[in-house]
Every structure is written in C-alpha cells, then in structure tokens.
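File shown: entry_28.pdb. Contents: PDB, C-alpha atoms, pLDDT in the B column.
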ATOM      1  CA  MET H   1     -44.394  -5.744  82.536  1.00 42.00           C
ATOM      2  CA  SER H   2     -43.218  -3.031  84.944  1.00 45.00           C
ATOM      3  CA  ASP H   3     -40.410  -3.103  87.460  1.00 47.00           C
ATOM      4  CA  GLU H   4     -42.950  -3.812  90.200  1.00 41.00           C
ATOM      5  CA  ARG H   5     -42.644  -7.439  89.146  1.00 41.00           C
ATOM      6  CA  ALA H   6     -41.305  -9.478  92.085  1.00 38.00           C
ATOM      7  CA  PRO H   7     -37.666 -10.440  91.490  1.00 45.00           C
ATOM      8  CA  GLU H   8     -36.496 -14.007  91.703  1.00 47.00           C
ATOM      9  CA  ASP H   9     -35.795 -15.090  95.278  1.00 44.00           C
ATOM     10  CA  ASP H  10     -31.997 -15.310  95.165  1.00 52.00           C
ATOM     11  CA  SER H  11     -31.662 -16.734  98.677  1.00 44.00           C
ATOM     12  CA  THR H  12     -34.098 -19.571  98.029  1.00 45.00           C
ATOM     13  CA  ALA H  13     -32.519 -20.371  94.681  1.00 56.00           C
ATOM     14  CA  SER H  14     -29.059 -20.362  96.277  1.00 60.00           C
ATOM     15  CA  ASP H  15     -30.162 -22.717  99.061  1.00 61.00           C
ATOM     16  CA  ASP H  16     -31.746 -25.087  96.551  1.00 66.00           C
ATOM     17  CA  ASP H  17     -28.646 -25.033  94.341  1.00 68.00           C
ATOM     18  CA  SER H  18     -26.361 -25.718  97.314  1.00 64.00           C
ATOM     19  CA  ALA H  19     -28.467 -28.661  98.458  1.00 66.00           C
ATOM     20  CA  ALA H  20     -28.503 -30.125  94.956  1.00 67.00           C
ATOM     21  CA  ALA H  21     -24.741 -29.648  94.607  1.00 65.00           C
ATOM     22  CA  GLU H  22     -23.998 -31.432  97.874  1.00 69.00           C
ATOM     23  CA  ALA H  23     -26.047 -34.421  96.713  1.00 79.00           C
ATOM     24  CA  ASP H  24     -24.364 -34.665  93.295  1.00 91.00           C
ATOM     25  CA  SER H  25     -21.682 -37.317  92.824  1.00 92.00           C
ATOM     26  CA  LEU H  26     -19.494 -34.754  91.012  1.00 95.00           C
ATOM     27  CA  ALA H  27     -19.497 -32.308  93.934  1.00 95.00           C
ATOM     28  CA  TRP H  28     -16.262 -31.155  95.518  1.00 96.00           C
ATOM     29  CA  GLU H  29     -16.009 -30.976  99.303  1.00 96.00           C
ATOM     30  CA  VAL H  30     -14.676 -27.653 100.634  1.00 97.00           C
ATOM     31  CA  LEU H  31     -12.178 -28.284 103.445  1.00 98.00           C
ATOM     32  CA  ASP H  32     -11.065 -24.688 103.990  1.00 98.00           C
ATOM     33  CA  SER H  33     -11.730 -21.300 102.367  1.00 98.00           C
ATOM     34  CA  GLU H  34      -9.981 -17.916 102.675  1.00 98.00           C
ATOM     35  CA  VAL H  35      -9.550 -14.636 100.814  1.00 97.00           C
ATOM     36  CA  ALA H  36      -6.069 -14.710  99.294  1.00 97.00           C
ATOM     37  CA  TYR H  37      -6.256 -11.202  97.825  1.00 96.00           C
ATOM     38  CA  SER H  38      -8.789  -8.397  98.096  1.00 96.00           C
ATOM     39  CA  CYS H  39      -9.214  -5.106  96.227  1.00 93.00           C
ATOM     40  CA  PRO H  40     -12.095  -2.725  95.444  1.00 88.00           C
ATOM     41  CA  GLY H  41     -14.565  -4.662  93.312  1.00 89.00           C
ATOM     42  CA  PHE H  42     -13.509  -8.259  93.828  1.00 94.00           C
ATOM     43  CA  ASP H  43     -11.664 -10.845  95.929  1.00 97.00           C
ATOM     44  CA  VAL H  44      -9.530 -13.798  94.935  1.00 98.00           C
ATOM     45  CA  ARG H  45     -10.609 -16.724  97.101  1.00 98.00           C
ATOM     46  CA  ARG H  46      -8.484 -19.829  97.735  1.00 98.00           C
ATOM     47  CA  GLU H  47     -10.107 -23.073  98.814  1.00 98.00           C
ATOM     48  CA  ASP H  48      -8.768 -26.449  99.864  1.00 98.00           C
ATOM     49  CA  VAL H  49     -11.047 -29.068  98.333  1.00 98.00           C
ATOM     50  CA  ARG H  50     -11.522 -32.822  98.153  1.00 97.00           C
ATOM     51  CA  LEU H  51     -12.498 -34.224  94.740  1.00 97.00           C
ATOM     52  CA  PRO H  52     -14.963 -37.106  94.269  1.00 96.00           C
ATOM     53  CA  ASP H  53     -12.084 -39.596  93.912  1.00 96.00           C
ATOM     54  CA  GLY H  54     -10.615 -38.499  97.228  1.00 96.00           C
ATOM     55  CA  THR H  55      -7.840 -36.307  95.811  1.00 98.00           C
ATOM     56  CA  GLU H  56      -7.155 -33.196  97.902  1.00 98.00           C
ATOM     57  CA  THR H  57      -6.021 -30.037  96.113  1.00 98.00           C
ATOM     58  CA  ASP H  58      -6.546 -26.282  96.081  1.00 98.00           C
ATOM     59  CA  PHE H  59      -8.617 -24.027  93.839  1.00 98.00           C
ATOM     60  CA  ASP H  60      -8.517 -20.255  93.354  1.00 98.00           C
ATOM     61  CA  TYR H  61     -11.348 -18.207  91.887  1.00 98.00           C
ATOM     62  CA  LEU H  62     -12.480 -14.609  91.546  1.00 97.00           C
ATOM     63  CA  SER H  63     -15.391 -13.623  93.799  1.00 97.00           C
ATOM     64  CA  GLU H  64     -17.446 -10.492  93.227  1.00 96.00           C
ATOM     65  CA  PRO H  65     -20.966  -9.187  93.919  1.00 94.00           C
ATOM     66  CA  PRO H  66     -23.667  -9.786  91.297  1.00 96.00           C
ATOM     67  CA  SER H  67     -24.200  -7.095  88.665  1.00 97.00           C
ATOM     68  CA  VAL H  68     -26.919  -5.803  86.373  1.00 98.00           C
ATOM     69  CA  VAL H  69     -26.631  -5.148  82.640  1.00 98.00           C
ATOM     70  CA  VAL H  70     -29.118  -2.670  81.163  1.00 98.00           C
ATOM     71  CA  LEU H  71     -30.362  -2.509  77.562  1.00 98.00           C
ATOM     72  CA  PRO H  72     -31.882   1.013  77.548  1.00 98.00           C
ATOM     73  CA  PHE H  73     -34.352   2.262  74.917  1.00 98.00           C
ATOM     74  CA  THR H  74     -35.352   5.906  74.456  1.00 98.00           C
ATOM     75  CA  PRO H  75     -38.987   6.791  73.643  1.00 98.00           C
ATOM     76  CA  ALA H  76     -37.877   7.058  69.977  1.00 97.00           C
ATOM     77  CA  GLY H  77     -36.545   3.494  70.051  1.00 97.00           C
ATOM     78  CA  GLU H  78     -32.836   4.332  70.100  1.00 98.00           C
ATOM     79  CA  VAL H  79     -30.439   2.443  72.363  1.00 98.00           C
ATOM     80  CA  VAL H  80     -28.325   4.258  74.948  1.00 98.00           C
ATOM     81  CA  VAL H  81     -24.759   2.922  74.952  1.00 97.00           C
ATOM     82  CA  ILE H  82     -21.556   3.910  76.682  1.00 96.00           C
ATOM     83  CA  GLU H  83     -17.957   4.102  75.494  1.00 95.00           C
ATOM     84  CA  GLU H  84     -15.557   3.456  78.353  1.00 93.00           C
ATOM     85  CA  TRP H  85     -11.808   3.118  78.654  1.00 92.00           C
ATOM     86  CA  ARG H  86     -10.872  -0.430  79.748  1.00 92.00           C
ATOM     87  CA  GLN H  87      -7.372  -0.516  81.146  1.00 91.00           C
ATOM     88  CA  ALA H  88      -7.051  -4.320  81.079  1.00 92.00           C
ATOM     89  CA  VAL H  89      -7.326  -4.387  77.257  1.00 94.00           C
ATOM     90  CA  ARG H  90      -5.954  -0.850  76.673  1.00 95.00           C
ATOM     91  CA  ARG H  91      -8.805   0.444  74.524  1.00 93.00           C
ATOM     92  CA  VAL H  92     -12.208   2.094  74.478  1.00 94.00           C
ATOM     93  CA  ASN H  93     -15.011  -0.408  74.884  1.00 93.00           C
ATOM     94  CA  ARG H  94     -18.537   0.188  73.532  1.00 94.00           C
ATOM     95  CA  SER H  95     -21.071  -1.491  75.767  1.00 96.00           C
ATOM     96  CA  LEU H  96     -24.352  -1.402  77.620  1.00 97.00           C
ATOM     97  CA  PRO H  97     -24.422   0.157  81.117  1.00 97.00           C
ATOM     98  CA  VAL H  98     -23.281  -2.321  83.769  1.00 96.00           C
ATOM     99  CA  GLY H  99     -22.940  -2.037  87.534  1.00 93.00           C
ATOM    100  CA  GLY H 100     -22.778  -3.978  90.759  1.00 94.00           C
ATOM    101  CA  ILE H 101     -25.662  -4.533  93.156  1.00 94.00           C
ATOM    102  CA  GLU H 102     -25.107  -2.555  96.362  1.00 91.00           C
ATOM    103  CA  PRO H 103     -26.397  -3.377  99.876  1.00 89.00           C
ATOM    104  CA  ASP H 104     -28.700  -0.341  99.899  1.00 89.00           C
ATOM    105  CA  ASP H 105     -30.445  -1.318  96.648  1.00 91.00           C
ATOM    106  CA  GLU H 106     -34.030  -2.393  97.243  1.00 91.00           C
ATOM    107  CA  ASP H 107     -33.885  -5.072  94.557  1.00 95.00           C
ATOM    108  CA  ARG H 108     -32.234  -5.798  91.214  1.00 96.00           C
ATOM    109  CA  ALA H 109     -34.672  -3.577  89.324  1.00 97.00           C
ATOM    110  CA  ALA H 110     -33.667  -0.687  91.593  1.00 96.00           C
ATOM    111  CA  THR H 111     -30.030  -1.389  90.767  1.00 97.00           C
ATOM    112  CA  ALA H 112     -30.841  -1.255  87.042  1.00 97.00           C
ATOM    113  CA  HIS H 113     -32.495   2.159  87.477  1.00 97.00           C
ATOM    114  CA  ARG H 114     -29.575   3.469  89.559  1.00 96.00           C
ATOM    115  CA  GLU H 115     -26.774   2.216  87.340  1.00 95.00           C
ATOM    116  CA  LEU H 116     -28.453   3.568  84.209  1.00 97.00           C
ATOM    117  CA  ARG H 117     -28.800   6.984  85.841  1.00 96.00           C
ATOM    118  CA  GLU H 118     -25.287   7.093  87.286  1.00 94.00           C
ATOM    119  CA  GLU H 119     -23.454   5.923  84.154  1.00 95.00           C
ATOM    120  CA  THR H 120     -25.482   7.729  81.494  1.00 96.00           C
ATOM    121  CA  GLY H 121     -27.633  10.460  83.066  1.00 96.00           C
ATOM    122  CA  TYR H 122     -30.693   8.744  81.542  1.00 97.00           C
ATOM    123  CA  GLU H 123     -33.666   7.677  83.654  1.00 97.00           C
ATOM    124  CA  ALA H 124     -36.122   4.932  82.713  1.00 98.00           C
ATOM    125  CA  ASP H 125     -39.897   4.883  83.041  1.00 97.00           C
ATOM    126  CA  ARG H 126     -39.756   1.152  83.738  1.00 97.00           C
ATOM    127  CA  VAL H 127     -37.459  -1.852  83.507  1.00 97.00           C
ATOM    128  CA  GLU H 128     -38.122  -5.492  82.687  1.00 97.00           C
ATOM    129  CA  PHE H 129     -36.084  -8.529  83.686  1.00 97.00           C
ATOM    130  CA  LEU H 130     -34.530 -10.340  80.733  1.00 97.00           C
ATOM    131  CA  THR H 131     -32.292 -13.177  81.989  1.00 97.00           C
ATOM    132  CA  SER H 132     -29.482 -14.107  84.387  1.00 97.00           C
ATOM    133  CA  VAL H 133     -26.195 -15.775  83.457  1.00 97.00           C
ATOM    134  CA  GLU H 134     -22.928 -16.936  85.013  1.00 97.00           C
ATOM    135  CA  PRO H 135     -20.464 -15.653  82.384  1.00 95.00           C
ATOM    136  CA  ALA H 136     -17.270 -17.340  83.589  1.00 96.00           C
ATOM    137  CA  ASN H 137     -18.216 -19.933  86.200  1.00 96.00           C
ATOM    138  CA  GLY H 138     -15.044 -21.943  85.662  1.00 96.00           C
ATOM    139  CA  ILE H 139     -12.979 -19.193  87.276  1.00 97.00           C
ATOM    140  CA  ALA H 140     -15.456 -16.764  88.888  1.00 97.00           C
ATOM    141  CA  ASP H 141     -18.684 -16.739  90.910  1.00 97.00           C
ATOM    142  CA  CYS H 142     -20.050 -13.570  89.273  1.00 95.00           C
ATOM    143  CA  VAL H 143     -23.694 -13.439  88.123  1.00 97.00           C
ATOM    144  CA  LEU H 144     -25.110 -10.968  85.598  1.00 98.00           C
ATOM    145  CA  HIS H 145     -28.797  -9.999  85.680  1.00 98.00           C
ATOM    146  CA  PHE H 146     -29.982  -8.468  82.399  1.00 98.00           C
ATOM    147  CA  PHE H 147     -32.744  -5.853  82.221  1.00 98.00           C
ATOM    148  CA  VAL H 148     -34.450  -3.944  79.403  1.00 98.00           C
ATOM    149  CA  ALA H 149     -35.181  -0.298  80.265  1.00 98.00           C
ATOM    150  CA  HIS H 150     -37.992   1.602  78.515  1.00 98.00           C
ATOM    151  CA  GLY H 151     -38.734   5.304  78.112  1.00 98.00           C
ATOM    152  CA  CYS H 152     -35.180   6.419  78.882  1.00 98.00           C
ATOM    153  CA  THR H 153     -34.638  10.187  78.827  1.00 97.00           C
ATOM    154  CA  PRO H 154     -31.584  12.307  79.784  1.00 96.00           C
ATOM    155  CA  THR H 155     -33.006  13.919  82.918  1.00 92.00           C
ATOM    156  CA  ALA H 156     -30.117  13.444  85.368  1.00 85.00           C
ATOM    157  CA  GLU H 157     -26.381  14.050  85.671  1.00 88.00           C
ATOM    158  CA  GLN H 158     -23.795  11.287  85.435  1.00 90.00           C
ATOM    159  CA  GLU H 159     -22.423  10.176  88.806  1.00 84.00           C
ATOM    160  CA  LEU H 160     -19.283   8.300  87.827  1.00 86.00           C
ATOM    161  CA  ASP H 161     -16.920   6.474  90.154  1.00 82.00           C
ATOM    162  CA  HIS H 162     -13.426   7.916  90.514  1.00 84.00           C
ATOM    163  CA  ASN H 163     -11.981   5.330  88.114  1.00 84.00           C
ATOM    164  CA  GLU H 164     -14.646   5.525  85.385  1.00 84.00           C
ATOM    165  CA  SER H 165     -14.065   7.339  82.064  1.00 88.00           C
ATOM    166  CA  ILE H 166     -17.364   7.137  80.158  1.00 92.00           C
ATOM    167  CA  ARG H 167     -18.833   8.795  77.070  1.00 94.00           C
ATOM    168  CA  VAL H 168     -22.578   8.391  76.408  1.00 96.00           C
ATOM    169  CA  GLU H 169     -24.070   7.940  72.938  1.00 96.00           C
ATOM    170  CA  THR H 170     -27.253   6.656  71.321  1.00 97.00           C
ATOM    171  CA  THR H 171     -27.522   4.275  68.389  1.00 97.00           C
ATOM    172  CA  THR H 172     -30.138   2.165  66.650  1.00 97.00           C
ATOM    173  CA  MET H 173     -30.794  -1.472  67.430  1.00 96.00           C
ATOM    174  CA  ASP H 174     -30.009  -2.318  63.805  1.00 96.00           C
ATOM    175  CA  GLU H 175     -26.603  -0.644  64.042  1.00 96.00           C
ATOM    176  CA  LEU H 176     -25.888  -2.285  67.395  1.00 95.00           C
ATOM    177  CA  ARG H 177     -26.759  -5.687  65.925  1.00 95.00           C
ATOM    178  CA  GLU H 178     -24.505  -5.014  62.932  1.00 95.00           C
ATOM    179  CA  HIS H 179     -21.633  -4.057  65.217  1.00 93.00           C
ATOM    180  CA  VAL H 180     -22.085  -7.320  67.152  1.00 94.00           C
ATOM    181  CA  ALA H 181     -22.265  -9.362  63.922  1.00 93.00           C
ATOM    182  CA  GLY H 182     -19.231  -7.556  62.510  1.00 94.00           C
ATOM    183  CA  ARG H 183     -17.195  -8.175  65.682  1.00 92.00           C
ATOM    184  CA  GLU H 184     -16.831  -4.438  66.233  1.00 92.00           C
ATOM    185  CA  ILE H 185     -18.258  -4.933  69.728  1.00 93.00           C
ATOM    186  CA  ARG H 186     -16.095  -7.293  71.780  1.00 93.00           C
ATOM    187  CA  ASP H 187     -17.817  -6.802  75.108  1.00 95.00           C
ATOM    188  CA  GLY H 188     -19.328 -10.155  76.051  1.00 95.00           C
ATOM    189  CA  ARG H 189     -22.091  -8.726  78.243  1.00 95.00           C
ATOM    190  CA  THR H 190     -23.295  -6.450  75.463  1.00 96.00           C
ATOM    191  CA  THR H 191     -23.119  -9.197  72.847  1.00 96.00           C
ATOM    192  CA  LEU H 192     -25.148 -11.558  75.031  1.00 97.00           C
ATOM    193  CA  GLY H 193     -27.713  -8.901  75.970  1.00 97.00           C
ATOM    194  CA  VAL H 194     -28.321  -7.859  72.364  1.00 97.00           C
ATOM    195  CA  LEU H 195     -28.527 -11.416  71.017  1.00 96.00           C
ATOM    196  CA  TYR H 196     -30.720 -12.701  73.861  1.00 97.00           C
ATOM    197  CA  TYR H 197     -33.120  -9.786  73.458  1.00 97.00           C
ATOM    198  CA  GLU H 198     -33.235 -10.293  69.682  1.00 95.00           C
ATOM    199  CA  ALA H 199     -33.904 -14.008  70.079  1.00 95.00           C
ATOM    200  CA  PHE H 200     -36.366 -14.042  72.970  1.00 93.00           C
ATOM    201  CA  GLY H 201     -37.415 -10.496  73.917  1.00 86.00           C
ATOM    202  CA  THR H 202     -39.026 -10.023  77.314  1.00 80.00           C
ATOM    203  CA  GLU H 203     -42.181 -11.612  78.715  1.00 69.00           C
ATOM    204  CA  ASP H 204     -44.264  -8.612  77.638  1.00 65.00           C
ATOM    205  CA  GLU H 205     -43.183  -8.882  74.000  1.00 61.00           C
TER     206      GLU H 205
END
Written as structure tokens, that's how I'd like the structure from this file.
Amino acid sequence: MSDERAPEDDSTASDDDSAAAEADSLAWEVLDSEVAYSCPGFDVRREDVRLPDGTETDFDYLSEPPSVVVLPFTPAGEVVVIEEWRQAVRRVNRSLPVGGIEPDDEDRAATAHRELREETGYEADRVEFLTSVEPANGIADCVLHFFVAHGCTPTAEQELDHNESIRVETTTMDELREHVAGREIRDGRTTLGVLYYEAFGTEDE
C-alpha cells in the first residue's frame, strides 16, 4: 500500500474519544488548565481537576505534538538506523528516525518522508502506516505514529536541528532484532516498532 492511503481522521477520532471520556464514570472534570512551563519541544501543563468522588486536586503532565517513527528499508532489505547522543541518559542511543509533526506537513505520511530525509539523508519510494500508540499516557499526551518506509536510498543531505548529533548506519533486520532481544537497544520507540512489525507487518504483507 502506498503513502497515498488516506490517513486516519485525527480530529474525528479525538472528538469521539472526548465524548466517550465525558460519559465515562471514571472521567475527571477539568476545572482549570494552564501551561506551567514551556520550552522548545514540549510544555508542562497544570490542571485543576475534580475526581469522580468529588475530590478536587491538581495534575501536571507533559504536552507535546504527535510524532512519527520510521522503520526504513533499503532496496537491498537493510534497515537504516541512527545513532544519536541523548543528553538525558548521557549516552549514544541507537534508534529508528523519529520526528514531530509540523503545521506545514500535509499529513503524517509526509512527515515520515520529511523526517527520514532530514535525519538520515535517505529518501523513500513509499511509506506505509503501521500503528499508533500513546507511550506514556500516565504522564504525557504524546502520540507516536509508526510507518514503514520502502525503497530508501541516500539521495539527500541531512538537515539536522541545532541540537541534534546523529550518525547514520545500516544494519540487517536480524541484527536489529538480536539487539532488541539482547537489550542492547534501550530505545522504547525502536523496540516497539521492530517487535510490532515482526509480529504483524503492514496491511500489504
């Protein structure tokens, strides 16, 4: 299936989810909401809420735009991966390309194409939607949309952000799977993408 496939209607899904949440007996009522702290990439939002038993309290969570995670395959079947310095854990992290959806992106598939090109210099013939997850919905509202990219070739230059330090490599799917199984890869997005693809593939497979 090509990237011309219509993406899921996020606005409709969000409206439906909100309506269902409001009707659920476990739902919290939001009394007030404000951004307590903001920086490039994310906000920390503080809300005053009323619990189902009537208790009023506050709740802080991290708020950030949705992102795409790309599992890129070359025409020879190798996987394009990145090694990036992660300051929060003070080490180099091997992972799949990941990036946030920007207002100018036409859709999520377009974001997958752009992020792959910017982070790796590889461009894909086509991308396929894999799955969407909420990786930490107890403390954050972030959503990850996973894509598989096919026919990836190094035809562009990296366009890294000012705070990105990235090295690009290729590996085999077998080696990537072994690194996940052997706990050599700690990146949760990469682990989930590899295991989900191995278990379910895409709709065309």
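Comparing H:Cys142, H:Gly151, H:Phe129, H:Leu96 by their smallest distance to H:Leu71, the closest is H:Leu96 (using all atoms listed in the file).
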>> Counting all atoms listed in the file, find residues at most 7 Å from (-31.7, 14.8, 83.8) (file frame) and give them as a VMD selection string.
In response: chain H and resid 121 to 122 154 to 157
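For the residues H:Thr120, H:Pro75, H:Val80, H:Asp24, ranking by smallest atom-to-atom distance to H:Ile166 using only C-alpha atoms places H:Thr120 first.
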>> Give me, as number ranges by chain, all polymer residues having an atom no more than 10 Å from H:Glu102, counting all atoms listed in the file and skipping those fewer than 2 positions away in the same chain.
In response: H: 65-67, 99-100, 104-108, 110-111
> Quick one: which residues end up in the PyMOL selection byres ((chain H and resi 193) around 10) for this structure, as an NGL selection string?
Replying inline: :H and (69-71 or 95-96 or 130-131 or 145-148 or 188-192 or 194-199)
> Skipping near chain neighbours, those fewer than 2 positions away, what residues fall within 12 Å of H:Phe42 using only C-alpha atoms, listed as a ChimeraX atom specification?
Replying inline: /H:35-40,44-45,61-67,100,140-142
>> Between atom CA of H:Val92 and atom CA of H:Glu159, what distance in Å does the model show, to one decimal?
In response: 19.4 Å
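Among the candidates H:Glu119, H:Glu134, H:Asp53, H:Asp58, the one nearest to H:Ser33 when counting all atoms listed in the file is H:Asp58.
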> Suppose you want the space between atom CA of H:Pro52 and atom CA of H:Ala27; what is it in Å?
Replying inline: 6.6 Å
Would you place a box with edges along x, y and z of the file around all atoms of stretch 71-88 of chain H listed there, add 8 Å to each of its six sides, and report the centre and edge lengths in Å to one decimal, as JSON?
{"center_x": -23.0, "center_y": 1.4, "center_z": 75.6, "size_x": 47.9, "size_y": 27.4, "size_z": 27.2}
> What is the atom CA of H:Thr172 to atom CA of H:Arg86 distance in Å?
Replying inline: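 Result for atom CA of H:Thr172 versus atom CA of H:Arg86: 23.4 Å, one decimal.
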Would you be able to write out as a JSON list (two decimals) with C-alpha atoms, in the frame of the given file which residues have an atom within 12 Å of (-17.4, 8.4, 79.5) in the file's coordinates, counting all atoms listed in the file?
[["chain", "number", "residue", "atom", "x", "y", "z"],
["H", 81, "VAL", "CA", -24.76, 2.92, 74.95],
["H", 82, "ILE", "CA", -21.56, 3.91, 76.68],
["H", 83, "GLU", "CA", -17.96, 4.10, 75.49],
["H", 84, "GLU", "CA", -15.56, 3.46, 78.35],
["H", 85, "TRP", "CA", -11.81, 3.12, 78.65],
["H", 86, "ARG", "CA", -10.87, -0.43, 79.75],
["H", 92, "VAL", "CA", -12.21, 2.09, 74.48],
["H", 93, "ASN", "CA", -15.01, -0.41, 74.88],
["H", 94, "ARG", "CA", -18.54, 0.19, 73.53],
["H", 95, "SER", "CA", -21.07, -1.49, 75.77],
["H", 97, "PRO", "CA", -24.42, 0.16, 81.12],
["H", 118, "GLU", "CA", -25.29, 7.09, 87.29],
["H", 119, "GLU", "CA", -23.45, 5.92, 84.15],
["H", 120, "THR", "CA", -25.48, 7.73, 81.49],
["H", 121, "GLY", "CA", -27.63, 10.46, 83.07],
["H", 158, "GLN", "CA", -23.80, 11.29, 85.44],
["H", 159, "GLU", "CA", -22.42, 10.18, 88.81],
["H", 160, "LEU", "CA", -19.28, 8.30, 87.83],
["H", 161, "ASP", "CA", -16.92, 6.47, 90.15],
["H", 162, "HIS", "CA", -13.43, 7.92, 90.51],
["H", 163, "ASN", "CA", -11.98, 5.33, 88.11],
["H", 164, "GLU", "CA", -14.65, 5.52, 85.38],
["H", 165, "SER", "CA", -14.06, 7.34, 82.06],
["H", 166, "ILE", "CA", -17.36, 7.14, 80.16],
["H", 167, "ARG", "CA", -18.83, 8.80, 77.07],
["H", 168, "VAL", "CA", -22.58, 8.39, 76.41],
["H", 169, "GLU", "CA", -24.07, 7.94, 72.94]]
